[in-house]
Amino acid sequence: MPSSATRVRSSREGVVRASRLVAKPRARSAEGAGGAAGTASHAGPQACFPKLAPLIAYLQGLKGRADLKVLDGMLKGLKLTRADIEKACVFGVSGYRRNTIASNAHFELLALTWRSGHCTPIHDHTGVSCAFRVVEGTGTEVRFVKTPCGLACPVGSTPMPPGYVCSAEENDIHQVANHQGPGKDLVTLHIYSPRIKKMKTYEFRVSLGAEGCDSYRRNGKPGKGR
Ligand SMILES: [Fe+2]
């Protein structure tokens, strides 16, 4: 997959820089993006996932971008366990997986599955209403803000237990992760409206070290200028 990420040339620990707004069709570390893993059925998504039938009916009736507050309210009103969407809970190996439950041009409803350590790229939500509910496990949302120098800085993290609903505003920058220990899965139910075609992602700036300093070590070895 081609990347337009900008290489960073100076050191700034603890900050990230917009990587020339890497425009990619989907999060780089996600598997199964756009796929209908585990949901194949001639019965349709409402029959496969009856607990989601009212939500799917609403989404299928959209004529344009959904209102974020409406999505937030509908997700908060769900009573949902992993068993209710088990058919869509296919896990990735190298990264989290996006499993499509239902979609059209105006929305996509996905079950995202995460093993311990899986995480999204740092990203924003330009042009897309995004809301999700934690179904199983505890997720972590790390938030970032843009700074006057053009970098983005982490400003905090929020643990997201089962039932937690996260709604991301247009310019919110965040990363979602499963920081739980090995063997502890995370399952989340996501709505995007319209479907994501491109996502703006950000990367941590790579430090080349301080000038005039030879006391830092890299990988245990002395490094001039580190
Ligand atoms: Fe997001």
# chains A, B, ... in the order shown; residues from 1 in each chain; ligands from 1
call {"tool": "closest_atom_pairs", "arguments": {"of": "chain A", "to": "ligand 1", "cutoff": "8 Å", "atoms": "only C-alpha atoms and all ligand atoms", "output": "CSV"}}
result
residue,atom,partner,partner_atom_place_in_ligand_line,distance
A:Thr120,CA,ligand 1,1 (Fe),7.9
A:His123,CA,ligand 1,1 (Fe),6.3
A:Asp124,CA,ligand 1,1 (Fe),6.3
A:His125,CA,ligand 1,1 (Fe),6.4
A:Cys130,CA,ligand 1,1 (Fe),6.6
A:Ala131,CA,ligand 1,1 (Fe),7.9
A:Ala168,CA,ligand 1,1 (Fe),6.4
A:Ile173,CA,ligand 1,1 (Fe),7.5
A:His174,CA,ligand 1,1 (Fe),6.2
A:Gln175,CA,ligand 1,1 (Fe),6.6
A:Val176,CA,ligand 1,1 (Fe),6.9
call {"tool": "write_last_selection", "arguments": {"atoms": "N, CA and C atoms", "output": "tab-separated table (two decimals), in the first residue's frame"}}
result
chain	number	residue	atom	x	y	z
A	120	THR	N	-5.71	1.27	16.56
A	120	THR	CA	-5.87	2.00	15.30
A	120	THR	C	-4.66	2.89	15.08
A	123	HIS	N	-5.83	9.09	14.21
A	123	HIS	CA	-6.62	9.55	13.07
A	123	HIS	C	-7.65	10.58	13.50
A	124	ASP	N	-8.19	11.30	12.53
A	124	ASP	CA	-9.34	12.16	12.80
A	124	ASP	C	-10.53	11.66	12.01
A	125	HIS	N	-11.60	12.46	11.95
A	125	HIS	CA	-12.86	11.97	11.38
A	125	HIS	C	-13.44	12.97	10.39
A	130	CYS	N	-18.81	9.47	13.36
A	130	CYS	CA	-18.28	8.20	13.88
A	130	CYS	C	-18.70	8.03	15.33
A	131	ALA	N	-19.30	6.90	15.63
A	131	ALA	CA	-19.64	6.59	17.01
A	131	ALA	C	-19.52	5.08	17.20
A	168	ALA	N	-17.10	10.66	18.10
A	168	ALA	CA	-15.98	11.50	17.69
A	168	ALA	C	-16.47	12.64	16.81
A	173	ILE	N	-9.03	14.09	17.22
A	173	ILE	CA	-7.93	13.22	16.82
A	173	ILE	C	-7.73	12.20	17.94
A	174	HIS	N	-7.76	10.95	17.58
A	174	HIS	CA	-7.60	9.95	18.64
A	174	HIS	C	-7.03	8.64	18.11
A	175	GLN	N	-6.72	7.81	19.08
A	175	GLN	CA	-6.32	6.43	18.79
A	175	GLN	C	-7.11	5.53	19.72
A	176	VAL	N	-7.63	4.45	19.20
A	176	VAL	CA	-8.36	3.48	20.00
A	176	VAL	C	-7.53	2.20	20.08
call {"tool": "atom_distance", "arguments": {"atom1": "atom CA of Ala177 of chain A", "atom2": "atom CA of His190 of chain A"}}
result
13.9 Å
call {"tool": "select_by_dssp", "arguments": {"residues": "segment 17-209 of chain A", "states": "strand (DSSP E or B)", "output": "ChimeraX atom specification"}}
result
/A:17-24,31-35,97-104,107-114,119,122-123,129-136,139-146,151-160,165-168,173-177,186-193,199-204
call {"tool": "closest_residue", "arguments": {"among": "A:Ala88, A:Leu68, A:Val93, A:Leu112", "to": "Glu169 of chain A", "atoms": "only C-alpha atoms"}}
result
A:Leu68
call {"tool": "atom_distance", "arguments": {"atom1": "atom CA of Leu59 of chain A", "atom2": "atom CA of Arg82 of chain A"}}
result
20.8 Å
call {"tool": "residues_around", "arguments": {"residues": "Leu189 of chain A", "least_positions_apart": "3", "cutoff": "7 Å", "atoms": "only C-alpha atoms", "output": "count of residues only"}}
result
7
call {"tool": "closest_residue", "arguments": {"among": "A:Gly137, A:Gly183, A:Gly127, A:Pro121", "to": "Phe204 of chain A", "atoms": "only C-alpha atoms"}}
result
A:Pro121
call {"tool": "closest_residue", "arguments": {"among": "A:Val165, A:Cys149, A:Ile122, A:Val142", "to": "Met199 of chain A", "atoms": "only C-alpha atoms"}}
result
A:Ile122
call {"tool": "residues_around", "arguments": {"residues": "Gly139 of chain A", "least_positions_apart": "2", "cutoff": "9 Å", "atoms": "only C-alpha atoms", "output": "PDB file with C-alpha atoms, in the first residue's frame"}}
result
ATOM      1  CA  VAL A 134     -17.792  -1.132  23.631  1.00  0.00           C
ATOM      2  CA  GLU A 136     -16.823  -6.669  25.412  1.00  0.00           C
ATOM      3  CA  GLY A 137     -13.572  -5.866  27.177  1.00  0.00           C
ATOM      4  CA  GLU A 141      -9.100   6.060  23.785  1.00  0.00           C
ATOM      5  CA  THR A 158      -9.955   7.344  28.735  1.00  0.00           C
ATOM      6  CA  PRO A 159     -10.683   3.748  29.720  1.00  0.00           C
ATOM      7  CA  MET A 160     -13.780   2.505  27.948  1.00  0.00           C
ATOM      8  CA  PRO A 161     -15.561  -0.334  29.789  1.00  0.00           C
ATOM      9  CA  PRO A 162     -18.393  -2.415  28.321  1.00  0.00           C
ATOM     10  CA  VAL A 176      -8.364   3.478  20.000  1.00  0.00           C
ATOM     11  CA  ALA A 177      -6.565   0.489  21.455  1.00  0.00           C
ATOM     12  CA  ASN A 178      -6.869  -2.712  23.409  1.00  0.00           C
ATOM     13  CA  HIS A 179      -4.357  -2.121  26.194  1.00  0.00           C
ATOM     14  CA  GLN A 180      -5.582  -5.100  28.159  1.00  0.00           C
ATOM     15  CA  LEU A 186     -11.963  -6.182  22.921  1.00  0.00           C
ATOM     16  CA  VAL A 187     -15.106  -6.072  20.769  1.00  0.00           C
ATOM     17  CA  THR A 188     -16.646  -2.781  19.648  1.00  0.00           C
TER      18      THR A 188
END
call {"tool": "select_by_dssp", "arguments": {"residues": "segment 21-213 of chain A", "states": "helix (DSSP H, G or I)", "output": "ChimeraX atom specification"}}
result
/A:45-48,50-60,68-76,82-88
call {"tool": "write_last_selection", "arguments": {"atoms": "N, CA and C atoms", "output": "tab-separated table (two decimals), in the first residue's frame"}}
result
chain	number	residue	atom	x	y	z
A	45	PRO	N	-28.86	-8.77	7.26
A	45	PRO	CA	-28.26	-8.45	8.55
A	45	PRO	C	-29.27	-8.33	9.68
A	46	GLN	N	-30.48	-7.88	9.40
A	46	GLN	CA	-31.45	-7.74	10.49
A	46	GLN	C	-31.87	-9.10	11.05
A	47	ALA	N	-31.95	-10.10	10.16
A	47	ALA	CA	-32.28	-11.43	10.64
A	47	ALA	C	-31.11	-12.07	11.36
A	48	CYS	N	-29.90	-11.79	10.87
A	48	CYS	CA	-28.71	-12.36	11.51
A	48	CYS	C	-28.45	-11.74	12.87
A	50	PRO	N	-30.70	-9.77	15.23
A	50	PRO	CA	-32.00	-9.17	15.58
A	50	PRO	C	-31.91	-8.04	16.59
A	51	LYS	N	-30.95	-8.08	17.49
A	51	LYS	CA	-30.81	-6.98	18.46
A	51	LYS	C	-30.45	-5.67	17.76
A	52	LEU	N	-29.89	-5.79	16.57
A	52	LEU	CA	-29.48	-4.59	15.83
A	52	LEU	C	-30.50	-4.16	14.78
A	53	ALA	N	-31.61	-4.89	14.68
A	53	ALA	CA	-32.57	-4.65	13.60
A	53	ALA	C	-33.08	-3.20	13.56
A	54	PRO	N	-33.49	-2.61	14.70
A	54	PRO	CA	-33.95	-1.21	14.63
A	54	PRO	C	-32.85	-0.24	14.19
A	55	LEU	N	-31.65	-0.48	14.67
A	55	LEU	CA	-30.53	0.38	14.28
A	55	LEU	C	-30.24	0.24	12.79
A	56	ILE	N	-30.22	-0.99	12.29
A	56	ILE	CA	-29.95	-1.21	10.87
A	56	ILE	C	-31.06	-0.59	10.01
A	57	ALA	N	-32.30	-0.71	10.46
A	57	ALA	CA	-33.41	-0.11	9.71
A	57	ALA	C	-33.24	1.41	9.62
A	58	TYR	N	-32.83	2.02	10.74
A	58	TYR	CA	-32.61	3.46	10.73
A	58	TYR	C	-31.47	3.82	9.76
A	59	LEU	N	-30.40	3.09	9.85
A	59	LEU	CA	-29.24	3.40	9.01
A	59	LEU	C	-29.56	3.20	7.52
A	60	GLN	N	-30.30	2.16	7.23
A	60	GLN	CA	-30.64	1.90	5.83
A	60	GLN	C	-31.60	2.94	5.26
A	68	LEU	N	-24.58	12.89	14.41
A	68	LEU	CA	-23.76	12.20	15.39
A	68	LEU	C	-24.51	11.99	16.71
A	69	LYS	N	-25.32	12.96	17.11
A	69	LYS	CA	-26.05	12.83	18.37
A	69	LYS	C	-27.09	11.71	18.29
A	70	VAL	N	-27.67	11.55	17.13
A	70	VAL	CA	-28.63	10.46	16.96
A	70	VAL	C	-27.92	9.11	17.07
A	71	LEU	N	-26.77	9.00	16.42
A	71	LEU	CA	-26.01	7.75	16.50
A	71	LEU	C	-25.61	7.46	17.94
A	72	ASP	N	-25.16	8.49	18.63
A	72	ASP	CA	-24.76	8.34	20.03
A	72	ASP	C	-25.93	7.82	20.86
A	73	GLY	N	-27.08	8.41	20.67
A	73	GLY	CA	-28.26	7.99	21.43
A	73	GLY	C	-28.69	6.57	21.12
A	74	MET	N	-28.62	6.20	19.86
A	74	MET	CA	-29.04	4.85	19.49
A	74	MET	C	-28.07	3.81	20.05
A	75	LEU	N	-26.79	4.12	20.03
A	75	LEU	CA	-25.82	3.17	20.59
A	75	LEU	C	-25.98	3.05	22.11
A	76	LYS	N	-26.27	4.17	22.76
A	76	LYS	CA	-26.46	4.12	24.22
A	76	LYS	C	-27.71	3.33	24.59
A	82	ARG	N	-21.52	-9.70	23.30
A	82	ARG	CA	-20.75	-10.29	22.18
A	82	ARG	C	-21.54	-11.42	21.52
A	83	ALA	N	-22.28	-12.17	22.31
A	83	ALA	CA	-23.06	-13.29	21.76
A	83	ALA	C	-24.06	-12.80	20.71
A	84	ASP	N	-24.53	-11.58	20.87
A	84	ASP	CA	-25.52	-11.05	19.92
A	84	ASP	C	-24.91	-10.75	18.55
A	85	ILE	N	-23.60	-10.58	18.50
A	85	ILE	CA	-22.95	-10.27	17.22
A	85	ILE	C	-21.80	-11.25	16.95
A	86	GLU	N	-21.90	-12.42	17.56
A	86	GLU	CA	-20.80	-13.39	17.47
A	86	GLU	C	-20.44	-13.73	16.02
A	87	LYS	N	-21.46	-13.78	15.15
A	87	LYS	CA	-21.18	-14.12	13.74
A	87	LYS	C	-20.26	-13.12	13.08
A	88	ALA	N	-20.21	-11.93	13.61
A	88	ALA	CA	-19.36	-10.88	13.03
A	88	ALA	C	-18.04	-10.72	13.78
call {"tool": "atom_distance", "arguments": {"atom1": "atom CA of Tyr192 of chain A", "atom2": "atom CA of Glu108 of chain A"}}
result
5.3 Å
call {"tool": "closest_residue", "arguments": {"among": "A:Ala30, A:Leu78, A:Ala43, A:Leu109", "to": "Gly163 of chain A", "atoms": "only C-alpha atoms"}}
result
A:Leu78
